[in-house]
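Shown next, in structure tokens, is the structure this report addresses.
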Amino acid sequence: MIFVTVGTTMPFDELFIEVDILLNENYFDDEVICQTGQSKYIPKNCENFNFMPNVDRYFEEADFIIVHGGTGSTLGALQSGKPFIALANPRAEADHQAEFLQELSKEYNIYWSRECSDIKSMYRKAISNNNKGTGFSKSCTLGDWILENI
Amino acid sequence: MKRNLILISLSSGGFGFQATNLINHLSKDCDFIYMTNRFGRSPEEARVPSGVYFRVPDFQTVTSGSPLTSLWSAIVTFFKSFYYILRYRPKAVIGVAMPQSIFMLMAGRILGKKTFYIESITRTHTPSKSLKICSRLHAARHMLVQWKSLQDTIPGTEFRGRVI
């Protein structure tokens, strides 16, 4: 299963339009489930829902993940150890999703883009290179500092 | 050894992901009161330690409502936080990126608590509006960023590591 998720705070219609086009072309090898959040465009060719209190089980069940560049989605995908690609939502204030993905890509081997039209090429690359969130650190250095300073 | 009680923000999405990681890390020494929003998590849903929690209204960014929505949220958050701090007397107040947390921190600062605002890890070079407002209102004693590259953009911010 391929899980597509865009979080709760911003619409990302371009992503779902592109996913729908690719579904129409039978491009994906697997079924697709989309979490659409505040998006107005609802993909016609796959199962979808807008919000759910906890999407952890979709991360667990997915074989491949497509995420927007928000923290929860991107780090959730990294943490899951599944192959994934990330798209920066242009609506993010000060383009911070692109900045975040850019910085993250210096530490982890991730595929990301500003252009939804890149999904096709990134998907193939990610599958063939089997890029996963391996080596993702869950350390909490800031937590240690806070404990010392409470 | 006496455990510390902390009032902390817990929302859904990315801010919640970061808060959850921090909470689970601190939980070896701390207990929690949670401030959460409409999409926010109960402790059980969020896979964090159980604790008292209260809900506050969403800001305009989530509801797409008018600026009055944010003003209402700020007022409710401030007074609810004030009440919960007086009632439970937490040692510290921690806001993780969520805009409401600025007003929770203000209540904490007025009541003499240790206050920490944590900027979202997605902010690498450009500070969020929340951090700018937090700085302008002196809402928190410590304003913590998670990238060194962000440290100098607003005076007084500190880089002390990351929650993840």
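Going by the structure tokens order, chains are called A, B, ..., each with residues numbered from 1, while ligands are numbered from 1 in the order shown.
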
> Once you count only C-alpha atoms, which residues of chain B turn out to be within 6 Å of chain A? Could you give them as a PyMOL selection string?
Replying inline: chain B and resi 13-14+17+22+62+122-124+160-164

Take the residues just selected and output them with all heavy atoms as a compact mmCIF listing (two decimals), in the first residue's frame.
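Resulting contents of part.txt:
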```txt
# COMPACT_ATOMS: atom_id res chain seq x y z
N GLY B 13 -0.30 16.64 14.53
CA GLY B 13 0.62 16.97 13.44
C GLY B 13 2.06 17.10 13.88
O GLY B 13 2.50 16.46 14.85
N GLY B 14 2.80 17.95 13.19
CA GLY B 14 4.24 18.06 13.41
C GLY B 14 4.61 18.58 14.77
O GLY B 14 5.57 18.09 15.39
N PHE B 17 4.14 15.77 17.10
CA PHE B 17 5.19 14.76 16.92
C PHE B 17 6.42 15.13 17.76
O PHE B 17 7.00 14.30 18.46
CB PHE B 17 5.55 14.68 15.44
CG PHE B 17 6.49 13.57 15.07
CD1 PHE B 17 6.01 12.34 14.64
CD2 PHE B 17 7.86 13.75 15.16
CE1 PHE B 17 6.88 11.32 14.30
CE2 PHE B 17 8.74 12.73 14.82
CZ PHE B 17 8.25 11.51 14.39
N LEU B 22 9.56 14.74 23.01
CA LEU B 22 10.12 15.40 24.19
C LEU B 22 9.49 14.86 25.48
O LEU B 22 10.18 14.56 26.45
CB LEU B 22 9.89 16.92 24.08
CG LEU B 22 10.38 17.76 25.26
CD1 LEU B 22 11.90 17.65 25.42
CD2 LEU B 22 9.98 19.23 25.07
N VAL B 62 -5.35 27.30 11.61
CA VAL B 62 -5.94 25.97 11.49
C VAL B 62 -7.40 26.06 11.06
O VAL B 62 -7.88 25.27 10.25
CB VAL B 62 -5.83 25.20 12.83
CG1 VAL B 62 -6.56 23.87 12.76
CG2 VAL B 62 -4.38 24.98 13.17
N THR B 122 11.10 22.41 11.83
CA THR B 122 11.01 22.76 10.39
C THR B 122 11.62 24.13 10.12
O THR B 122 11.91 24.46 8.98
CB THR B 122 9.56 22.80 9.88
OG1 THR B 122 8.81 23.66 10.73
CG2 THR B 122 8.94 21.45 9.81
N ARG B 123 11.79 24.93 11.15
CA ARG B 123 12.34 26.27 10.96
C ARG B 123 13.86 26.22 11.01
O ARG B 123 14.44 26.11 12.10
CB ARG B 123 11.79 27.22 12.04
CG ARG B 123 10.29 27.39 11.95
CD ARG B 123 9.94 28.05 10.65
NE ARG B 123 8.50 28.21 10.48
CZ ARG B 123 7.94 29.17 9.75
NH1 ARG B 123 8.69 30.03 9.09
NH2 ARG B 123 6.63 29.24 9.63
N THR B 124 14.46 26.27 9.86
CA THR B 124 15.92 26.12 9.79
C THR B 124 16.64 27.45 9.62
O THR B 124 17.73 27.65 10.14
CB THR B 124 16.31 25.20 8.61
OG1 THR B 124 15.85 25.80 7.40
CG2 THR B 124 15.68 23.83 8.76
N ARG B 160 20.22 24.51 21.88
CA ARG B 160 20.67 23.56 22.92
C ARG B 160 20.42 22.12 22.51
O ARG B 160 20.26 21.25 23.35
CB ARG B 160 19.93 23.83 24.23
CG ARG B 160 20.06 25.24 24.76
CD ARG B 160 21.44 25.50 25.33
NE ARG B 160 21.54 26.83 25.91
CZ ARG B 160 22.65 27.33 26.44
NH1 ARG B 160 23.75 26.59 26.45
NH2 ARG B 160 22.67 28.54 26.94
N GLY B 161 20.29 21.89 21.22
CA GLY B 161 20.01 20.54 20.73
C GLY B 161 18.62 20.46 20.15
O GLY B 161 17.95 21.47 19.94
N ARG B 162 18.18 19.23 19.89
CA ARG B 162 16.88 19.02 19.24
C ARG B 162 16.02 18.06 20.06
O ARG B 162 16.55 17.30 20.86
CB ARG B 162 17.08 18.41 17.85
CG ARG B 162 17.83 19.34 16.93
CD ARG B 162 17.95 18.70 15.56
NE ARG B 162 18.85 19.49 14.74
CZ ARG B 162 19.60 18.99 13.77
NH1 ARG B 162 19.53 17.71 13.48
NH2 ARG B 162 20.39 19.77 13.08
N VAL B 163 14.73 18.10 19.79
CA VAL B 163 13.84 17.16 20.48
C VAL B 163 13.84 15.81 19.77
O VAL B 163 13.32 14.83 20.28
CB VAL B 163 12.39 17.69 20.59
CG1 VAL B 163 12.33 18.93 21.45
CG2 VAL B 163 11.77 17.93 19.24
N ILE B 164 14.41 15.78 18.56
CA ILE B 164 14.45 14.52 17.79
C ILE B 164 15.87 14.33 17.29
O ILE B 164 16.47 15.27 16.79
CB ILE B 164 13.49 14.60 16.59
CG1 ILE B 164 12.05 14.61 17.10
CG2 ILE B 164 13.69 13.41 15.65
CD1 ILE B 164 11.05 15.00 16.06
```

> Can you tell me, as a list in words, what residues are no more than 9 Å from Tyr58 of chain A when counting only C-alpha atoms, ignoring any on the same chain fewer than 5 positions away?
Replying inline: Met1, Phe3 and Ile33 of chain A

>> Just to confirm, what's the straight-line distance from atom CA of Ser9 of chain B to atom CA of Met98 of chain B in Å (one decimal)?
In response: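 One can read the atom CA of Ser9 of chain B to atom CA of Met98 of chain B distance as 7.1 Å.
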
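Of the listed residues B:Thr36, B:Asp29, B:Asn21, B:Pro155, the one whose atoms come nearest to Glu148 of chain A is B:Asp29, with distances taken using only C-alpha atoms.
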
If you count only C-alpha atoms, which residues fall within 8 Å of Leu22 of chain A, apart from same-chain ones fewer than 5 positions away, as a PDB file with N, CA and C atoms, in the first residue's frame?
```
ATOM      1  N   TYR A  27       0.081   4.029 -12.909  1.00  0.00           N
ATOM      2  CA  TYR A  27       1.530   4.149 -12.731  1.00  0.00           C
ATOM      3  C   TYR A  27       2.026   3.400 -11.498  1.00  0.00           C
ATOM      4  N   PHE A  28       1.268   3.472 -10.423  1.00  0.00           N
ATOM      5  CA  PHE A  28       1.715   2.824  -9.179  1.00  0.00           C
ATOM      6  C   PHE A  28       1.451   1.319  -9.226  1.00  0.00           C
ATOM      7  N   LYS A 120       6.795  11.192 -10.137  1.00  0.00           N
ATOM      8  CA  LYS A 120       7.012  10.045 -11.013  1.00  0.00           C
ATOM      9  C   LYS A 120       8.475   9.580 -10.969  1.00  0.00           C
TER      10      LYS A 120
END
```

>> If I take atom CA of Pro90 of chain A and atom CA of Trp72 of chain B, how far is one from the other in Å, to one decimal?
In response: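 Interatomic distance here is 28.4 Å.
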
>> Please report the interatomic distance between atom CA of Leu150 of chain B and atom CA of Glu107 of chain A in Å with one decimal.
In response: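 Straight-line distance from atom CA of Leu150 of chain B to atom CA of Glu107 of chain A works out to 17.0 Å.
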
> What are the DSSP strand (DSSP E) residues of chain A, as a list in words?
Replying inline: Ile2, Phe3, Val4, Thr5, Val32, Ile33, Cys34, Gln35, Glu47, Asn48, Phe49, Phe64, Ile65, Ile66, Val67, His68, Phe84, Ile85, Ala86, Leu87, Tyr111, Trp112 and Ser113 of chain A

> What lies within 12 Å of Glu61 of chain A using only C-alpha atoms, ignoring chain neighbours under 2 positions off, as a count of residues only?
Replying inline: 18

>> At a cut-off of 12 Å, using only C-alpha atoms, what residues contact Gly112 of chain B? Leave out same-chain residues fewer than 5 positions from it and give the result as a VMD selection string.
In response: chain B and resid 82 85 to 86 89 to 93 105 to 107 139 to 141

>> Taking the DSSP secondary structure from the backbone, can you list the residues of segment 52-102 of chain B that are alpha helix (DSSP H), as a PyMOL selection string?
In response: chain B and resi 60-63+67-88+101-102

>> Between B:Val76, B:Ile121, B:Val48, B:Ala97, which residue has the minimum interatomic distance to Lys148 of chain B, considering only C-alpha atoms?
In response: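 Smallest distance to Lys148 of chain B is found for B:Ile121.
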